[in-house]
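Data file: data_39.pdb. Format and content: PDB, N, CA and C atoms.
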```
MODEL        1
ATOM      1  N   MET A 240       0.321  -3.004  20.893
ATOM      2  CA  MET A 240       0.951  -2.829  19.607
ATOM      3  C   MET A 240      -0.132  -2.856  18.525
ATOM      4  N   ALA A 241       0.028  -2.001  17.553
ATOM      5  CA  ALA A 241      -0.938  -1.884  16.456
ATOM      6  C   ALA A 241      -0.888  -3.122  15.569
ATOM      7  N   SER A 242      -1.993  -3.370  14.888
ATOM      8  CA  SER A 242      -2.060  -4.534  14.000
ATOM      9  C   SER A 242      -1.129  -4.334  12.801
ATOM     10  N   THR A 243      -0.903  -5.394  12.092
ATOM     11  CA  THR A 243      -0.018  -5.357  10.919
ATOM     12  C   THR A 243      -0.558  -4.414   9.853
ATOM     13  N   GLU A 244      -1.879  -4.437   9.645
ATOM     14  CA  GLU A 244      -2.478  -3.561   8.637
ATOM     15  C   GLU A 244      -2.240  -2.088   8.976
ATOM     16  N   ILE A 245      -2.424  -1.745  10.223
ATOM     17  CA  ILE A 245      -2.237  -0.347  10.625
ATOM     18  C   ILE A 245      -0.769   0.045  10.510
ATOM     19  N   ARG A 246       0.128  -0.835  10.901
ATOM     20  CA  ARG A 246       1.563  -0.531  10.752
ATOM     21  C   ARG A 246       1.932  -0.351   9.291
ATOM     22  N   ASP A 247       1.360  -1.188   8.411
ATOM     23  CA  ASP A 247       1.620  -1.050   6.976
ATOM     24  C   ASP A 247       1.125   0.297   6.461
ATOM     25  N   ARG A 248      -0.071   0.692   6.876
ATOM     26  CA  ARG A 248      -0.607   1.988   6.444
ATOM     27  C   ARG A 248       0.257   3.136   6.956
ATOM     28  N   ARG A 249       0.678   3.038   8.196
ATOM     29  CA  ARG A 249       1.541   4.089   8.761
ATOM     30  C   ARG A 249       2.850   4.193   7.987
ATOM     31  N   ARG A 250       3.407   3.036   7.608
ATOM     32  CA  ARG A 250       4.641   3.028   6.839
ATOM     33  C   ARG A 250       4.438   3.715   5.491
ATOM     34  N   ILE A 251       3.310   3.424   4.827
ATOM     35  CA  ILE A 251       3.013   4.054   3.534
ATOM     36  C   ILE A 251       2.868   5.557   3.693
ATOM     37  N   PHE A 252       2.138   5.992   4.727
ATOM     38  CA  PHE A 252       1.947   7.423   4.925
ATOM     39  C   PHE A 252       3.250   8.122   5.303
ATOM     40  N   ARG A 253       4.121   7.450   6.077
ATOM     41  CA  ARG A 253       5.428   8.047   6.388
ATOM     42  C   ARG A 253       6.243   8.222   5.115
ATOM     43  N   TYR A 254       6.210   7.221   4.239
ATOM     44  CA  TYR A 254       6.947   7.302   2.985
ATOM     45  C   TYR A 254       6.373   8.403   2.092
ATOM     46  N   ARG A 255       5.051   8.501   2.025
ATOM     47  CA  ARG A 255       4.407   9.553   1.240
ATOM     48  C   ARG A 255       4.782  10.925   1.793
ATOM     49  N   ASP A 256       4.773  11.059   3.119
ATOM     50  CA  ASP A 256       5.142  12.326   3.742
ATOM     51  C   ASP A 256       6.574  12.709   3.389
ATOM     52  N   LEU A 257       7.479  11.740   3.401
ATOM     53  CA  LEU A 257       8.868  11.991   3.022
ATOM     54  C   LEU A 257       8.954  12.480   1.579
ATOM     55  N   MET A 258       8.211  11.826   0.670
ATOM     56  CA  MET A 258       8.240  12.226  -0.738
ATOM     57  C   MET A 258       7.696  13.642  -0.927
ATOM     58  N   VAL A 259       6.637  13.974  -0.219
ATOM     59  CA  VAL A 259       6.050  15.310  -0.336
ATOM     60  C   VAL A 259       7.025  16.354   0.206
ATOM     61  N   ARG A 260       7.637  16.087   1.364
ATOM     62  CA  ARG A 260       8.593  17.047   1.937
ATOM     63  C   ARG A 260       9.775  17.280   1.011
ATOM     64  N   GLN A 261      10.308  16.214   0.423
ATOM     65  CA  GLN A 261      11.436  16.369  -0.496
ATOM     66  C   GLN A 261      11.041  17.151  -1.740
ATOM     67  N   SER A 262       9.853  16.906  -2.244
ATOM     68  CA  SER A 262       9.376  17.640  -3.416
ATOM     69  C   SER A 262       9.249  19.126  -3.110
ATOM     70  N   VAL A 263       8.702  19.453  -1.950
ATOM     71  CA  VAL A 263       8.557  20.864  -1.557
ATOM     72  C   VAL A 263       9.930  21.509  -1.382
ATOM     73  N   GLN A 264      10.875  20.785  -0.799
ATOM     74  CA  GLN A 264      12.225  21.330  -0.638
ATOM     75  C   GLN A 264      12.859  21.652  -1.988
ATOM     76  N   LEU A 265      12.701  20.764  -2.952
ATOM     77  CA  LEU A 265      13.279  20.999  -4.275
ATOM     78  C   LEU A 265      12.597  22.170  -4.978
ATOM     79  N   LYS A 266      11.278  22.273  -4.852
ATOM     80  CA  LYS A 266      10.571  23.402  -5.456
ATOM     81  C   LYS A 266      10.999  24.715  -4.816
ATOM     82  N   ASN A 267      11.177  24.715  -3.505
ATOM     83  CA  ASN A 267      11.657  25.919  -2.828
ATOM     84  C   ASN A 267      13.087  26.256  -3.246
ATOM     85  N   ARG A 268      13.893  25.237  -3.480
ATOM     86  CA  ARG A 268      15.268  25.459  -3.931
ATOM     87  C   ARG A 268      15.282  26.111  -5.319
ATOM     88  N   ILE A 269      14.401  25.658  -6.210
ATOM     89  CA  ILE A 269      14.306  26.256  -7.546
ATOM     90  C   ILE A 269      13.879  27.709  -7.437
ATOM     91  N   SER A 270      12.840  27.978  -6.650
ATOM     92  CA  SER A 270      12.365  29.356  -6.485
ATOM     93  C   SER A 270      13.460  30.240  -5.894
ATOM     94  N   GLY A 271      14.148  29.735  -4.896
ATOM     95  CA  GLY A 271      15.221  30.503  -4.265
ATOM     96  C   GLY A 271      16.357  30.802  -5.218
ATOM     97  N   LEU A 272      16.711  29.832  -6.036
ATOM     98  CA  LEU A 272      17.785  30.034  -7.008
ATOM     99  C   LEU A 272      17.403  31.094  -8.036
ATOM    100  N   LEU A 273      16.158  31.044  -8.493
ATOM    101  CA  LEU A 273      15.703  32.061  -9.453
ATOM    102  C   LEU A 273      15.667  33.446  -8.815
ATOM    103  N   LEU A 274      15.202  33.522  -7.569
ATOM    104  CA  LEU A 274      15.173  34.810  -6.871
ATOM    105  C   LEU A 274      16.589  35.339  -6.626
ATOM    106  N   GLU A 275      17.473  34.449  -6.236
ATOM    107  CA  GLU A 275      18.858  34.828  -5.944
ATOM    108  C   GLU A 275      19.577  35.400  -7.166
ATOM    109  N   THR A 276      19.250  34.868  -8.329
ATOM    110  CA  THR A 276      19.925  35.313  -9.552
ATOM    111  C   THR A 276      19.153  36.400 -10.293
ATOM    112  N   GLY A 277      17.994  36.809  -9.752
ATOM    113  CA  GLY A 277      17.241  37.911 -10.342
ATOM    114  C   GLY A 277      16.416  37.559 -11.565
ATOM    115  N   VAL A 278      16.076  36.297 -11.720
ATOM    116  CA  VAL A 278      15.260  35.865 -12.859
ATOM    117  C   VAL A 278      13.795  36.157 -12.526
ATOM    118  N   SER A 279      13.107  36.839 -13.438
ATOM    119  CA  SER A 279      11.686  37.098 -13.225
ATOM    120  C   SER A 279      10.881  35.907 -13.740
ATOM    121  N   TYR A 280       9.873  35.501 -12.964
ATOM    122  CA  TYR A 280       9.060  34.348 -13.321
ATOM    123  C   TYR A 280       7.681  34.491 -12.704
ATOM    124  N   ASN A 281       6.744  33.725 -13.207
ATOM    125  CA  ASN A 281       5.388  33.693 -12.677
ATOM    126  C   ASN A 281       5.346  32.691 -11.531
ATOM    127  N   LYS A 282       5.123  33.183 -10.332
ATOM    128  CA  LYS A 282       5.169  32.340  -9.142
ATOM    129  C   LYS A 282       4.129  31.213  -9.174
ATOM    130  N   ARG A 283       2.966  31.493  -9.702
ATOM    131  CA  ARG A 283       1.892  30.492  -9.722
ATOM    132  C   ARG A 283       2.134  29.386 -10.734
ATOM    133  N   GLN A 284       2.836  29.680 -11.802
ATOM    134  CA  GLN A 284       3.027  28.692 -12.869
ATOM    135  C   GLN A 284       4.395  28.043 -12.868
ATOM    136  N   LEU A 285       5.269  28.457 -11.969
ATOM    137  CA  LEU A 285       6.661  28.017 -12.016
ATOM    138  C   LEU A 285       6.809  26.502 -12.062
ATOM    139  N   HIS A 286       6.034  25.782 -11.290
ATOM    140  CA  HIS A 286       6.261  24.347 -11.183
ATOM    141  C   HIS A 286       5.429  23.522 -12.155
ATOM    142  N   TYR A 287       4.737  24.189 -13.079
ATOM    143  CA  TYR A 287       4.087  23.458 -14.166
ATOM    144  C   TYR A 287       5.141  23.096 -15.203
ATOM    145  N   VAL A 288       5.022  21.916 -15.757
ATOM    146  CA  VAL A 288       6.048  21.392 -16.660
ATOM    147  C   VAL A 288       6.270  22.313 -17.855
ATOM    148  N   GLY A 289       5.214  22.690 -18.542
ATOM    149  CA  GLY A 289       5.354  23.515 -19.741
ATOM    150  C   GLY A 289       5.968  24.867 -19.460
ATOM    151  N   TYR A 290       5.521  25.519 -18.389
ATOM    152  CA  TYR A 290       6.046  26.846 -18.070
ATOM    153  C   TYR A 290       7.522  26.774 -17.709
ATOM    154  N   PHE A 291       7.897  25.780 -16.926
ATOM    155  CA  PHE A 291       9.293  25.665 -16.509
ATOM    156  C   PHE A 291      10.201  25.457 -17.709
ATOM    157  N   HIS A 292       9.809  24.591 -18.621
ATOM    158  CA  HIS A 292      10.646  24.343 -19.804
ATOM    159  C   HIS A 292      10.718  25.584 -20.702
ATOM    160  N   ASP A 293       9.611  26.315 -20.821
ATOM    161  CA  ASP A 293       9.645  27.574 -21.579
ATOM    162  C   ASP A 293      10.562  28.587 -20.911
ATOM    163  N   LEU A 294      10.483  28.665 -19.611
ATOM    164  CA  LEU A 294      11.343  29.587 -18.856
ATOM    165  C   LEU A 294      12.813  29.259 -19.081
ATOM    166  N   MET A 295      13.125  27.979 -19.034
ATOM    167  CA  MET A 295      14.518  27.556 -19.217
ATOM    168  C   MET A 295      15.015  27.842 -20.633
ATOM    169  N   SER A 296      14.156  27.689 -21.621
ATOM    170  CA  SER A 296      14.625  27.796 -23.004
ATOM    171  C   SER A 296      14.511  29.205 -23.576
ATOM    172  N   THR A 297      13.561  30.017 -23.112
ATOM    173  CA  THR A 297      13.331  31.305 -23.766
ATOM    174  C   THR A 297      13.692  32.518 -22.923
ATOM    175  N   ASN A 298      13.803  32.383 -21.625
ATOM    176  CA  ASN A 298      14.087  33.544 -20.783
ATOM    177  C   ASN A 298      15.584  33.860 -20.806
ATOM    178  N   PRO A 299      15.956  35.055 -21.265
ATOM    179  CA  PRO A 299      17.380  35.396 -21.338
ATOM    180  C   PRO A 299      18.019  35.613 -19.964
ATOM    181  N   GLU A 300      17.199  35.792 -18.928
ATOM    182  CA  GLU A 300      17.753  35.997 -17.583
ATOM    183  C   GLU A 300      18.302  34.707 -16.979
ATOM    184  N   VAL A 301      17.873  33.555 -17.511
ATOM    185  CA  VAL A 301      18.394  32.275 -17.024
ATOM    186  C   VAL A 301      19.746  32.058 -17.676
ATOM    187  N   THR A 302      20.786  32.208 -16.886
ATOM    188  CA  THR A 302      22.146  32.112 -17.423
ATOM    189  C   THR A 302      22.609  30.658 -17.467
ATOM    190  N   ASP A 303      23.678  30.443 -18.196
ATOM    191  CA  ASP A 303      24.232  29.098 -18.318
ATOM    192  C   ASP A 303      24.782  28.587 -16.990
ATOM    193  N   SER A 304      25.085  29.482 -16.058
ATOM    194  CA  SER A 304      25.641  29.043 -14.774
ATOM    195  C   SER A 304      24.584  28.396 -13.880
ATOM    196  N   ILE A 305      23.308  28.799 -14.009
ATOM    197  CA  ILE A 305      22.278  28.205 -13.151
ATOM    198  C   ILE A 305      21.433  27.149 -13.879
ATOM    199  N   ARG A 306      21.529  27.111 -15.184
ATOM    200  CA  ARG A 306      20.718  26.167 -15.959
ATOM    201  C   ARG A 306      20.924  24.711 -15.516
ATOM    202  N   PRO A 307      22.156  24.227 -15.319
ATOM    203  CA  PRO A 307      22.327  22.828 -14.878
ATOM    204  C   PRO A 307      21.753  22.573 -13.484
ATOM    205  N   LEU A 308      21.877  23.557 -12.594
ATOM    206  CA  LEU A 308      21.331  23.391 -11.244
ATOM    207  C   LEU A 308      19.813  23.293 -11.274
ATOM    208  N   LEU A 309      19.187  24.136 -12.075
ATOM    209  CA  LEU A 309      17.734  24.088 -12.211
ATOM    210  C   LEU A 309      17.284  22.765 -12.819
ATOM    211  N   LYS A 310      18.036  22.289 -13.806
ATOM    212  CA  LYS A 310      17.679  21.027 -14.464
ATOM    213  C   LYS A 310      17.795  19.855 -13.494
ATOM    214  N   ILE A 311      18.823  19.839 -12.678
ATOM    215  CA  ILE A 311      18.992  18.761 -11.695
ATOM    216  C   ILE A 311      17.814  18.740 -10.725
ATOM    217  N   CYS A 312      17.449  19.907 -10.210
ATOM    218  CA  CYS A 312      16.319  19.976  -9.276
ATOM    219  C   CYS A 312      15.029  19.538  -9.956
ATOM    220  N   ARG A 313      14.804  20.014 -11.159
ATOM    221  CA  ARG A 313      13.562  19.692 -11.861
ATOM    222  C   ARG A 313      13.467  18.203 -12.188
ATOM    223  N   ASP A 314      14.595  17.598 -12.565
ATOM    224  CA  ASP A 314      14.595  16.172 -12.878
ATOM    225  C   ASP A 314      14.273  15.329 -11.650
ATOM    226  N   GLN A 315      14.616  15.817 -10.470
ATOM    227  CA  GLN A 315      14.295  15.085  -9.251
ATOM    228  C   GLN A 315      12.825  15.232  -8.870
ATOM    229  N   ILE A 316      12.200  16.330  -9.281
ATOM    230  CA  ILE A 316      10.788  16.548  -8.974
ATOM    231  C   ILE A 316       9.896  15.738  -9.893
ATOM    232  N   GLU A 317      10.222  15.681 -11.181
ATOM    233  CA  GLU A 317       9.387  15.010 -12.172
ATOM    234  C   GLU A 317       9.706  13.523 -12.222
ATOM    235  N   PRO A 318       8.900  12.695 -11.548
ATOM    236  CA  PRO A 318       9.145  11.254 -11.645
ATOM    237  C   PRO A 318       8.651  10.732 -12.986
ATOM    238  N   PRO A 319       9.146   9.581 -13.395
ATOM    239  CA  PRO A 319       8.621   8.970 -14.619
ATOM    240  C   PRO A 319       7.120   8.715 -14.479
ATOM    241  N   LEU A 320       6.405   8.710 -15.574
ATOM    242  CA  LEU A 320       4.951   8.567 -15.556
ATOM    243  C   LEU A 320       4.521   7.282 -14.852
ATOM    244  N   ASN A 321       5.189   6.187 -15.118
ATOM    245  CA  ASN A 321       4.793   4.920 -14.506
ATOM    246  C   ASN A 321       4.956   4.961 -12.995
ATOM    247  N   PHE A 322       6.006   5.603 -12.508
ATOM    248  CA  PHE A 322       6.229   5.696 -11.070
ATOM    249  C   PHE A 322       5.128   6.525 -10.418
ATOM    250  N   GLN A 323       4.774   7.649 -11.025
ATOM    251  CA  GLN A 323       3.726   8.505 -10.469
ATOM    252  C   GLN A 323       2.391   7.771 -10.460
ATOM    253  N   LEU A 324       2.092   7.034 -11.501
ATOM    254  CA  LEU A 324       0.865   6.257 -11.557
ATOM    255  C   LEU A 324       0.847   5.212 -10.453
ATOM    256  N   TRP A 325       1.975   4.555 -10.233
ATOM    257  CA  TRP A 325       2.079   3.554  -9.180
ATOM    258  C   TRP A 325       1.831   4.173  -7.814
ATOM    259  N   VAL A 326       2.411   5.334  -7.560
ATOM    260  CA  VAL A 326       2.229   6.004  -6.268
ATOM    261  C   VAL A 326       0.766   6.398  -6.079
ATOM    262  N   ASP A 327       0.135   6.939  -7.115
ATOM    263  CA  ASP A 327      -1.272   7.331  -7.022
ATOM    264  C   ASP A 327      -2.164   6.130  -6.725
ATOM    265  N   ILE A 328      -1.923   5.018  -7.388
ATOM    266  CA  ILE A 328      -2.727   3.818  -7.155
ATOM    267  C   ILE A 328      -2.495   3.296  -5.743
ATOM    268  N   LEU A 329      -1.255   3.294  -5.302
ATOM    269  CA  LEU A 329      -0.932   2.834  -3.962
ATOM    270  C   LEU A 329      -1.639   3.677  -2.908
ATOM    271  N   LEU A 330      -1.614   4.979  -3.078
ATOM    272  CA  LEU A 330      -2.279   5.867  -2.120
ATOM    273  C   LEU A 330      -3.789   5.701  -2.153
ATOM    274  N   LEU A 331      -4.359   5.515  -3.323
ATOM    275  CA  LEU A 331      -5.795   5.311  -3.437
ATOM    276  C   LEU A 331      -6.214   4.038  -2.707
ATOM    277  N   VAL A 332      -5.479   2.958  -2.921
ATOM    278  CA  VAL A 332      -5.789   1.697  -2.237
ATOM    279  C   VAL A 332      -5.654   1.871  -0.731
ATOM    280  N   CYS A 333      -4.614   2.549  -0.319
ATOM    281  CA  CYS A 333      -4.393   2.779   1.106
ATOM    282  C   CYS A 333      -5.536   3.593   1.707
ATOM    283  N   LEU A 334      -5.948   4.645   1.025
ATOM    284  CA  LEU A 334      -7.041   5.469   1.530
ATOM    285  C   LEU A 334      -8.354   4.705   1.558
ATOM    286  N   LEU A 335      -8.618   3.895   0.550
ATOM    287  CA  LEU A 335      -9.835   3.095   0.543
ATOM    288  C   LEU A 335      -9.836   2.104   1.700
ATOM    289  N   ASN A 336      -8.718   1.479   1.954
ATOM    290  CA  ASN A 336      -8.621   0.561   3.093
ATOM    291  C   ASN A 336      -8.805   1.299   4.407
ATOM    292  N   PHE A 337      -8.263   2.500   4.496
ATOM    293  CA  PHE A 337      -8.375   3.297   5.712
ATOM    294  C   PHE A 337      -9.826   3.676   5.960
ATOM    295  N   VAL A 338     -10.546   4.078   4.921
ATOM    296  CA  VAL A 338     -11.954   4.421   5.063
ATOM    297  C   VAL A 338     -12.744   3.186   5.481
ATOM    298  N   PHE A 339     -12.426   2.030   4.907
ATOM    299  CA  PHE A 339     -13.123   0.794   5.257
ATOM    300  C   PHE A 339     -12.922   0.464   6.729
ATOM    301  N   VAL A 340     -11.714   0.643   7.236
ATOM    302  CA  VAL A 340     -11.425   0.346   8.638
ATOM    303  C   VAL A 340     -12.207   1.291   9.550
ATOM    304  N   ILE A 341     -12.352   2.542   9.160
ATOM    305  CA  ILE A 341     -13.094   3.497   9.980
ATOM    306  C   ILE A 341     -14.589   3.193   9.931
ATOM    307  N   VAL A 342     -15.113   2.862   8.765
ATOM    308  CA  VAL A 342     -16.550   2.650   8.603
ATOM    309  C   VAL A 342     -16.988   1.313   9.213
ATOM    310  N   GLU A 343     -16.159   0.316   9.158
ATOM    311  CA  GLU A 343     -16.546  -1.017   9.603
ATOM    312  C   GLU A 343     -17.024  -1.054  11.062
ATOM    313  N   PRO A 344     -16.298  -0.477  12.036
ATOM    314  CA  PRO A 344     -16.792  -0.527  13.414
ATOM    315  C   PRO A 344     -18.119   0.198  13.595
ATOM    316  N   VAL A 345     -18.334   1.286  12.868
ATOM    317  CA  VAL A 345     -19.581   2.034  12.988
ATOM    318  C   VAL A 345     -20.736   1.158  12.509
ATOM    319  N   ASP A 346     -20.571   0.430  11.407
ATOM    320  CA  ASP A 346     -21.614  -0.456  10.902
ATOM    321  C   ASP A 346     -21.903  -1.586  11.883
ATOM    322  N   SER A 347     -20.875  -2.143  12.482
ATOM    323  CA  SER A 347     -21.089  -3.250  13.417
ATOM    324  C   SER A 347     -21.811  -2.782  14.665
ATOM    325  N   VAL A 348     -21.572  -1.559  15.111
ATOM    326  CA  VAL A 348     -22.273  -1.013  16.266
ATOM    327  C   VAL A 348     -23.730  -0.766  15.898
ATOM    328  N   ALA A 349     -24.002  -0.288  14.698
ATOM    329  CA  ALA A 349     -25.375  -0.019  14.265
ATOM    330  C   ALA A 349     -26.180  -1.315  14.201
ATOM    331  N   HIS A 350     -25.562  -2.424  13.817
ATOM    332  CA  HIS A 350     -26.279  -3.692  13.705
ATOM    333  C   HIS A 350     -26.637  -4.261  15.084
ATOM    334  N   THR A 351     -25.871  -3.931  16.104
ATOM    335  CA  THR A 351     -26.137  -4.477  17.422
ATOM    336  C   THR A 351     -27.240  -3.710  18.143
ATOM    337  N   LEU A 352     -27.558  -2.510  17.704
ATOM    338  CA  LEU A 352     -28.594  -1.715  18.377
ATOM    339  C   LEU A 352     -29.969  -2.108  17.999
TER     340      LEU A 352
ENDMDL
END
```

Kindly transcribe the structure held in the file into structure tokens.
Amino acid sequence: MASTEIRDRRRIFRYRDLMVRQSVQLKNRISGLLLETGVSYNKRQLHYVGYFHDLMSTNPEVTDSIRPLLKICRDQIEPPLNFQLWVDILLLVCLLNFVFVIVEPVDSVAHTL
């Protein structure tokens, strides 16, 4: 059985993977909805905050029937700033610990030679 530290890291990475998959699903849902309704948009800029809000407010092809659906999806993608900062810090700490675990055995082997 893996150590507690490794299980904790695996749990964090599983949770991160879940968050990334859900985000991609929502972005694909937005793109699909726009394609389905014939709204023209810039594929590369669609998921940038400024472009999306401009698209919603100024593009006449975005009808009132799809506007609430797009807003619901977008609100689920954009986490509050504090939450995103927390996730970034958590992942950074996790990655630093992971690098330390990988480097540590190599250093101990080098000292014994």

Go through A:Val278, A:Lys266, A:Gln261, A:Ser242 and flag the residue nearest A:Pro299, using all atoms listed in the file for the distances.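 Of the candidates, the smallest distance to A:Pro299 is held by A:Val278.
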
Listed atoms of stretch 253-262 of chain A, axis-aligned box, 6 Å per side: centre and edge lengths to one decimal in Å, as JSON?
```
{"center_x": 7.8, "center_y": 13.2, "center_z": 1.5, "size_x": 19.3, "size_y": 23.9, "size_z": 21.8}
```

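Atom to atom, atom CA of A:Leu331 and atom N of A:Gln284 stand 27.2 Å apart.
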
State, in Å with one decimal place, the distance from atom N of A:Tyr280 to atom CA of A:Met258.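 Separation of atom N of A:Tyr280 and atom CA of A:Met258: 26.3 Å.
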
Using all atoms listed in the file, determine which residues lie at most 8 Å from stretch 301-318 of chain A, disregarding the query and same-chain residues fewer than 6 positions distant; provide the list as a VMD selection string. chain A and resid 261 to 263 265 to 266 268 to 269 272 276 to 279 294 to 295 324

If you run DSSP over the backbone, which residues in stretch 250-337 of chain A end up alpha helix (DSSP H)? Put them as a ChimeraX atom specification. /A:250-276,288-297,306-316,320-337

Quick one: pull the distance between atom N of A:Tyr254 and atom CA of A:Lys282, Å, one decimal.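 Going from atom N of A:Tyr254 over to atom CA of A:Lys282 covers 28.5 Å.
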